[in-house]
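Peer 1: File name input-v1.cif; file contents mmCIF, C-alpha atoms and all ligand atoms; full text below.
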```
data_structure
loop_
_atom_site.group_PDB
_atom_site.id
_atom_site.type_symbol
_atom_site.label_atom_id
_atom_site.label_comp_id
_atom_site.auth_asym_id
_atom_site.auth_seq_id
_atom_site.Cartn_x
_atom_site.Cartn_y
_atom_site.Cartn_z
ATOM 1 C CA MET A 270 -18.053 -44.239 3.953
ATOM 2 C CA GLY A 271 -17.787 -46.944 6.629
ATOM 3 C CA GLY A 272 -21.465 -46.643 7.494
ATOM 4 C CA LEU A 273 -22.515 -47.256 3.897
ATOM 5 C CA LEU A 274 -20.658 -50.557 3.579
ATOM 6 C CA LYS A 275 -22.752 -53.701 3.653
ATOM 7 C CA THR A 276 -22.083 -56.127 6.491
ATOM 8 C CA THR A 277 -20.535 -58.614 4.048
ATOM 9 C CA SER A 278 -18.168 -55.975 2.614
ATOM 10 C CA ARG A 279 -17.150 -55.034 6.112
ATOM 11 C CA SER A 280 -16.401 -58.607 7.230
ATOM 12 C CA GLU A 281 -14.605 -59.336 3.935
ATOM 13 C CA SER A 282 -12.427 -56.319 4.530
ATOM 14 C CA GLU A 283 -11.631 -57.495 8.083
ATOM 15 C CA ASN A 284 -10.912 -61.000 6.755
ATOM 16 C CA ASN A 285 -8.525 -59.636 4.196
ATOM 17 C CA TYR A 286 -6.728 -57.567 6.837
ATOM 18 C CA PHE A 287 -6.261 -60.426 9.331
ATOM 19 C CA ASP A 288 -5.273 -62.839 6.518
ATOM 20 C CA LYS A 289 -2.025 -60.905 6.197
ATOM 21 C CA PHE A 290 -1.103 -61.953 9.736
ATOM 22 C CA THR A 291 -2.412 -65.507 10.084
ATOM 23 C CA ASN A 292 -2.690 -68.743 8.135
ATOM 24 C CA HIS A 293 -4.451 -72.057 8.749
ATOM 25 C CA HIS A 294 -1.223 -73.736 9.996
ATOM 26 C CA CYS A 295 -1.039 -71.384 13.023
ATOM 27 C CA SER A 296 -1.267 -72.958 16.446
ATOM 28 C CA LEU A 297 -3.682 -71.319 18.887
ATOM 29 C CA VAL A 298 -0.798 -69.529 20.655
ATOM 30 C CA GLU A 299 0.645 -68.289 17.361
ATOM 31 C CA PHE A 300 -2.786 -67.149 16.272
ATOM 32 C CA ILE A 301 -3.288 -65.079 19.449
ATOM 33 C CA MET A 302 0.177 -63.523 19.065
ATOM 34 C CA GLN A 303 -0.446 -62.654 15.420
ATOM 35 C CA TYR A 304 -3.900 -61.327 16.236
ATOM 36 C CA ASN A 305 -2.363 -58.972 18.824
ATOM 37 C CA ARG A 306 0.176 -57.837 16.240
ATOM 38 C CA ALA A 307 -2.651 -57.026 13.811
ATOM 39 C CA ILE A 308 -4.472 -54.994 16.454
ATOM 40 C CA GLU A 309 -1.244 -53.170 17.357
ATOM 41 C CA GLU A 310 -0.685 -52.283 13.719
ATOM 42 C CA GLN A 311 -4.208 -50.857 13.459
ATOM 43 C CA ARG A 312 -3.654 -48.784 16.604
ATOM 44 C CA HIS A 313 -0.312 -47.592 15.249
ATOM 45 C CA ASN A 314 -1.946 -46.511 11.962
ATOM 46 C CA GLN A 315 -4.695 -44.687 13.847
ATOM 47 C CA ALA A 316 -2.118 -42.926 16.060
ATOM 48 C CA LYS A 317 -0.148 -41.934 12.941
ATOM 49 C CA LEU A 318 -3.264 -40.422 11.332
ATOM 50 C CA ASN A 319 -3.992 -38.525 14.566
ATOM 51 C CA ALA A 320 -0.402 -37.259 14.704
ATOM 52 C CA ASP A 321 -0.564 -36.146 11.039
ATOM 53 C CA CYS A 322 -3.729 -34.259 11.911
ATOM 54 C CA GLU A 323 -2.404 -32.621 15.070
ATOM 55 C CA GLY A 324 1.064 -31.862 13.714
ATOM 56 C CA SER A 325 -0.082 -30.115 10.545
ATOM 57 C CA THR A 326 -0.925 -26.436 10.218
ATOM 58 C CA PRO A 327 -2.365 -26.016 6.735
ATOM 59 C CA GLU A 328 -1.682 -22.808 4.842
ATOM 60 C CA PRO A 329 -4.826 -20.640 4.526
ATOM 61 C CA LYS A 330 -5.820 -19.646 1.008
ATOM 62 C CA THR A 331 -8.300 -16.936 1.985
ATOM 63 C CA PRO A 332 -8.380 -14.392 4.822
ATOM 64 C CA LEU A 333 -11.815 -15.692 5.938
ATOM 65 C CA GLY A 334 -12.491 -16.589 9.578
ATOM 66 C CA MET A 335 -14.470 -19.636 8.432
ATOM 67 C CA GLU A 336 -11.347 -21.152 6.881
ATOM 68 C CA ARG A 337 -9.366 -20.693 10.108
ATOM 69 C CA GLN A 338 -12.258 -22.257 12.076
ATOM 70 C CA ALA A 339 -12.369 -25.222 9.677
ATOM 71 C CA ALA A 340 -8.592 -25.765 10.038
ATOM 72 C CA ALA A 341 -8.998 -26.144 13.801
ATOM 73 C CA LEU A 342 -12.183 -28.198 13.562
ATOM 74 C CA TYR A 343 -11.928 -30.704 10.727
ATOM 75 C CA THR A 344 -9.522 -33.578 10.142
ATOM 76 C CA ILE A 345 -6.788 -32.586 7.718
ATOM 77 C CA ASN A 346 -8.259 -34.360 4.656
ATOM 78 C CA ILE A 347 -11.727 -32.918 5.221
ATOM 79 C CA PHE A 348 -10.194 -29.484 5.765
ATOM 80 C CA TYR A 349 -8.541 -29.644 2.319
ATOM 81 C CA GLU A 350 -11.928 -30.516 0.800
ATOM 82 C CA PHE A 351 -13.523 -27.580 2.625
ATOM 83 C CA GLN A 352 -10.650 -25.296 1.574
ATOM 84 C CA LYS A 353 -11.295 -26.087 -2.111
ATOM 85 C CA GLU A 354 -14.939 -25.096 -1.628
ATOM 86 C CA ILE A 355 -14.244 -21.876 0.268
ATOM 87 C CA TRP A 356 -11.599 -20.833 -2.255
ATOM 88 C CA ALA A 357 -13.953 -21.536 -5.163
ATOM 89 C CA GLY A 358 -16.786 -19.737 -3.331
ATOM 90 C CA SER A 359 -14.591 -16.639 -3.012
ATOM 91 C CA PHE A 360 -13.025 -16.572 -6.467
ATOM 92 C CA THR A 361 -15.210 -18.477 -8.942
ATOM 93 C CA CYS A 362 -18.760 -17.797 -7.722
ATOM 94 C CA LYS A 363 -20.657 -14.605 -8.380
ATOM 95 C CA ILE A 364 -24.063 -13.645 -6.997
ATOM 96 C CA THR A 365 -26.130 -12.469 -9.962
ATOM 97 C CA ASN A 366 -29.529 -12.035 -8.331
ATOM 98 C CA LYS A 367 -30.805 -11.539 -4.801
ATOM 99 C CA THR A 368 -34.491 -11.457 -3.758
ATOM 100 C CA LEU A 369 -36.279 -11.409 -0.433
ATOM 101 C CA GLU A 370 -39.270 -13.734 0.074
ATOM 102 C CA ASP A 371 -40.875 -13.747 3.539
ATOM 103 C CA GLU A 372 -37.927 -14.483 5.845
ATOM 104 C CA ASN A 373 -35.887 -16.201 3.164
ATOM 105 C CA ARG A 374 -33.317 -14.679 0.898
ATOM 106 C CA ARG A 375 -33.097 -16.309 -2.502
ATOM 107 C CA TYR A 376 -29.858 -16.047 -4.436
ATOM 108 C CA ILE A 377 -28.808 -17.024 -7.920
ATOM 109 C CA VAL A 378 -25.122 -17.907 -7.935
ATOM 110 C CA HIS A 379 -23.160 -18.132 -11.160
ATOM 111 C CA GLU A 380 -20.163 -20.431 -10.989
ATOM 112 C CA THR A 381 -17.505 -19.804 -13.628
ATOM 113 C CA GLY A 382 -17.668 -22.492 -16.293
ATOM 114 C CA ALA A 383 -20.781 -24.086 -14.766
ATOM 115 C CA LYS A 384 -24.515 -23.495 -14.675
ATOM 116 C CA LEU A 385 -26.505 -21.298 -12.300
ATOM 117 C CA PHE A 386 -27.282 -22.486 -8.777
ATOM 118 C CA GLU A 387 -30.182 -21.384 -6.603
ATOM 119 C CA VAL A 388 -29.510 -20.894 -2.888
ATOM 120 C CA THR A 389 -32.077 -19.999 -0.221
ATOM 121 C CA HIS A 390 -30.990 -18.657 3.122
ATOM 122 C CA GLN A 391 -33.119 -18.249 6.236
ATOM 123 C CA GLU A 392 -31.542 -15.285 7.949
ATOM 124 C CA ALA A 393 -32.702 -15.989 11.508
ATOM 125 C CA THR A 394 -31.477 -19.595 11.657
ATOM 126 C CA HIS A 395 -28.776 -19.585 8.942
ATOM 127 C CA LYS A 396 -30.420 -22.600 7.362
ATOM 128 C CA THR A 397 -29.637 -22.838 3.677
ATOM 129 C CA GLU A 398 -30.540 -24.965 0.704
ATOM 130 C CA CYS A 399 -28.589 -25.162 -2.501
ATOM 131 C CA SER A 400 -29.708 -26.756 -5.744
ATOM 132 C CA CYS A 401 -26.385 -28.657 -5.957
ATOM 133 C CA ASN A 402 -27.316 -30.476 -2.727
ATOM 134 C CA LYS A 403 -23.676 -31.059 -1.780
ATOM 135 C CA PHE A 404 -24.126 -30.732 1.976
ATOM 136 C CA ASN A 405 -26.794 -33.455 2.053
ATOM 137 C CA ARG A 406 -24.575 -35.755 0.015
ATOM 138 C CA VAL A 407 -21.176 -35.310 1.672
ATOM 139 C CA GLY A 408 -21.639 -33.201 4.817
ATOM 140 C CA ILE A 409 -19.487 -30.262 3.684
ATOM 141 C CA LEU A 410 -20.912 -26.860 2.736
ATOM 142 C CA CYS A 411 -20.720 -26.129 -0.986
ATOM 143 C CA LYS A 412 -18.964 -23.181 -2.652
ATOM 144 C CA HIS A 413 -22.333 -21.571 -3.530
ATOM 145 C CA VAL A 414 -23.504 -21.410 0.088
ATOM 146 C CA LEU A 415 -20.032 -20.275 1.215
ATOM 147 C CA ALA A 416 -20.186 -17.499 -1.412
ATOM 148 C CA ILE A 417 -23.432 -16.140 0.045
ATOM 149 C CA PHE A 418 -22.124 -16.498 3.639
ATOM 150 C CA LYS A 419 -19.137 -14.382 2.584
ATOM 151 C CA ASP A 420 -21.461 -11.855 0.962
ATOM 152 C CA GLU A 421 -23.502 -11.587 4.165
ATOM 153 C CA GLY A 422 -20.425 -11.312 6.389
ATOM 154 C CA ILE A 423 -21.046 -14.589 8.296
ATOM 155 C CA GLU A 424 -17.683 -15.510 9.812
ATOM 156 C CA GLU A 425 -18.391 -18.875 11.440
ATOM 157 C CA ILE A 426 -19.769 -22.156 10.145
ATOM 158 C CA PRO A 427 -23.252 -22.449 11.714
ATOM 159 C CA GLY A 428 -23.306 -25.301 14.268
ATOM 160 C CA HIS A 429 -25.865 -27.358 12.351
ATOM 161 C CA TYR A 430 -23.471 -27.534 9.383
ATOM 162 C CA ILE A 431 -20.653 -29.099 11.397
ATOM 163 C CA VAL A 432 -21.002 -32.852 10.914
ATOM 164 C CA PRO A 433 -19.398 -34.605 13.929
ATOM 165 C CA ARG A 434 -17.967 -37.485 11.876
ATOM 166 C CA TRP A 435 -15.666 -35.078 9.974
ATOM 167 C CA THR A 436 -14.231 -33.443 13.093
ATOM 168 C CA ARG A 437 -10.920 -34.181 14.805
ATOM 169 C CA ASP A 438 -12.573 -35.643 17.912
ATOM 170 C CA ALA A 439 -14.968 -37.911 15.990
ATOM 171 C CA SER A 440 -13.385 -41.091 17.344
ATOM 172 C CA ALA A 441 -13.530 -39.968 20.995
ATOM 173 C CA ARG A 442 -16.513 -41.887 22.317
ATOM 174 C CA PRO A 443 -17.740 -42.590 25.834
ATOM 175 C CA MET A 444 -17.656 -46.157 27.212
ATOM 176 C CA TYR A 445 -20.961 -47.722 28.207
ATOM 177 C CA ASP A 446 -21.475 -50.197 30.979
ATOM 178 C CA ILE A 447 -25.205 -50.721 31.165
ATOM 179 C CA VAL A 448 -26.637 -52.955 33.872
ATOM 180 C CA LEU A 449 -29.892 -54.616 32.861
ATOM 181 C CA LYS A 450 -32.543 -54.542 35.582
ATOM 182 C CA GLY A 451 -33.127 -57.924 37.228
ATOM 183 C CA SER A 452 -30.414 -59.742 35.261
ATOM 184 C CA PRO A 453 -26.940 -59.094 36.768
ATOM 185 C CA ASN A 454 -27.030 -61.913 39.299
ATOM 186 C CA THR A 455 -28.825 -64.466 37.182
ATOM 187 C CA GLN A 456 -27.132 -67.014 34.977
ATOM 188 C CA GLY A 457 -26.413 -65.474 31.579
ATOM 189 C CA GLY A 458 -26.496 -61.966 33.062
ATOM 190 C CA ASN A 459 -23.004 -61.220 31.819
ATOM 191 C CA GLU A 460 -23.908 -62.319 28.335
ATOM 192 C CA LEU A 461 -26.996 -60.088 28.352
ATOM 193 C CA LYS A 462 -24.884 -57.207 29.627
ATOM 194 C CA SER A 463 -22.385 -57.720 26.845
ATOM 195 C CA ILE A 464 -25.182 -57.797 24.227
ATOM 196 C CA ALA A 465 -26.658 -54.610 25.708
ATOM 197 C CA ASN A 466 -23.259 -52.895 25.522
ATOM 198 C CA GLN A 467 -22.826 -53.939 21.900
ATOM 199 C CA LEU A 468 -26.289 -52.591 21.103
ATOM 200 C CA TRP A 469 -25.493 -49.264 22.747
ATOM 201 C CA ASN A 470 -22.257 -49.016 20.781
ATOM 202 C CA GLU A 471 -24.068 -49.750 17.518
ATOM 203 C CA PHE A 472 -26.755 -47.238 18.448
ATOM 204 C CA TYR A 473 -24.204 -44.493 19.079
ATOM 205 C CA ASN A 474 -22.377 -45.365 15.856
ATOM 206 C CA CYS A 475 -25.643 -44.855 13.950
ATOM 207 C CA LEU A 476 -26.376 -41.667 15.859
ATOM 208 C CA GLY A 477 -22.891 -40.377 15.005
ATOM 209 C CA LEU A 478 -23.568 -40.966 11.300
ATOM 210 C CA GLU A 479 -27.007 -39.375 11.421
ATOM 211 C CA ASN A 480 -26.068 -36.417 13.595
ATOM 212 C CA GLY A 481 -25.955 -33.176 11.661
ATOM 213 C CA SER A 482 -28.142 -34.410 8.797
ATOM 214 C CA GLU A 483 -31.428 -32.704 8.064
ATOM 215 C CA ARG A 484 -34.598 -34.779 7.874
ATOM 216 C CA ASN A 485 -38.096 -33.747 6.741
ATOM 217 C CA GLY A 486 -37.079 -30.122 6.883
ATOM 218 C CA SER A 487 -36.345 -30.247 10.601
ATOM 219 C CA ASN A 488 -32.883 -30.121 12.107
ATOM 220 C CA ASP A 489 -31.904 -33.081 14.252
ATOM 221 C CA ASN A 490 -28.559 -31.690 15.335
ATOM 222 C CA ASN A 491 -29.565 -31.934 18.964
ATOM 223 C CA ALA A 492 -30.592 -35.576 18.673
ATOM 224 C CA ALA A 493 -27.593 -36.795 20.674
ATOM 225 C CA ALA A 494 -28.354 -34.399 23.516
ATOM 226 C CA LYS A 495 -32.034 -35.433 23.541
ATOM 227 C CA TRP A 496 -31.134 -39.129 23.636
ATOM 228 C CA GLU A 497 -28.644 -38.584 26.410
ATOM 229 C CA VAL A 498 -31.381 -36.975 28.504
ATOM 230 C CA LYS A 499 -33.734 -39.894 27.779
ATOM 231 C CA GLU A 500 -31.032 -42.407 28.670
ATOM 232 C CA ARG A 501 -30.563 -40.830 32.102
HETATM 233 ZN ZN ZN B 1 -24.206 -25.591 -3.937
#
```
Take the structure in the file and give it back as structure tokens.

Peer 2:
Amino acid sequence: MGGLLKTTSRSESENNYFDKFTNHHCSLVEFIMQYNRAIEEQRHNQAKLNADCEGSTPEPKTPLGMERQAAALYTINIFYEFQKEIWAGSFTCKITNKTLEDENRRYIVHETGAKLFEVTHQEATHKTECSCNKFNRVGILCKHVLAIFKDEGIEEIPGHYIVPRWTRDASARPMYDIVLKGSPNTQGGNELKSIANQLWNEFYNCLGLENGSERNGSNDNNAAAKWEVKER
């Protein structure tokens, strides 16, 4: 949800965090020491989350290959969300109608205790749309789509439905050191370089959030690759 926070919420949250470590009586030296402690604590928390993720082998609840793939791919919390969906898709969803229209298959899925959901599936590309719209909202496939994937014997999550921000290596990001043409040796060149680096970081943060989302019916999953080519 980080990307959806307003700038003020984000800076308030940072303020609140650093307030625990500093106060307005701190000398400059004390402030720097406390600031370093705060950063160390954040790194420690991040390392702990990574260790929790790497050290855990969640128990599968279905024999499906897609669940095993998700366990290796997603962070542990996202995996548990996905597991709920795949379990429900296997045991609480029933396909009650199946029709073929052009290249699309249209399914009606009945979920126990809920209403009917309509799912379309393009066989050639494995692109799907479900009336519950869960994937577009949270970036995880819904039980209805997973039910029809199971019915069709699809054993892997199609690449365009793997949202990078939910994967274990989401925080691994390249470092950028862009040199602006004509500016490195001039006064203020370093400042410009630093601004350019910040812009690139922001740009890649946005790209990371967008990547994997569908827009205007076209899939932009390869956006990062395209931009990398342009950058070179
Ligand atoms: Zn759905």

Peer 1: Running the PyMOL selection byres (((not hetatm)) within 6 of (chain B and resi 1)) on this model by hand, what would come out? Give it as a ChimeraX atom specification.

Peer 2: /A:399-403,411-414

Peer 1: If the PyMOL selection byres (((chain A and resi 301-305) around 12) and not hetatm) is run on the structure shown, which residues does it catch, given as an MDAnalysis selection string?

Peer 2: chainID A and resid 283:284 286:292 295:300 306:312

Peer 1: Have a look at CA of Phe386 in chain A and CA of Trp435 in chain A and let me know their distance in Å, one decimal.

Peer 2: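 One can read the CA of Phe386 in chain A to CA of Trp435 in chain A distance as 25.4 Å.
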
Peer 1: Using Å and a single decimal, report how far CA of Glu354 in chain A sits from CA of Lys384 in chain A.

Peer 2: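 Rounded to one decimal, the two atoms are 16.3 Å apart.
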
Peer 1: Between CA of Glu387 in chain A and CA of Ser359 in chain A, what is the distance in Å, rounded to a tenth?

Peer 2: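 So the two atoms, CA of Glu387 in chain A and CA of Ser359 in chain A, lie 16.7 Å apart.
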
Peer 1: Would you translate the PyMOL selection byres (((chain A and resi 343-348) around 10) and not hetatm) into the concrete set of residues it matches in this file, as a PyMOL selection string?

Peer 2: chain A and resi 318-319+321-327+336-342+349-354+408-409+431-439
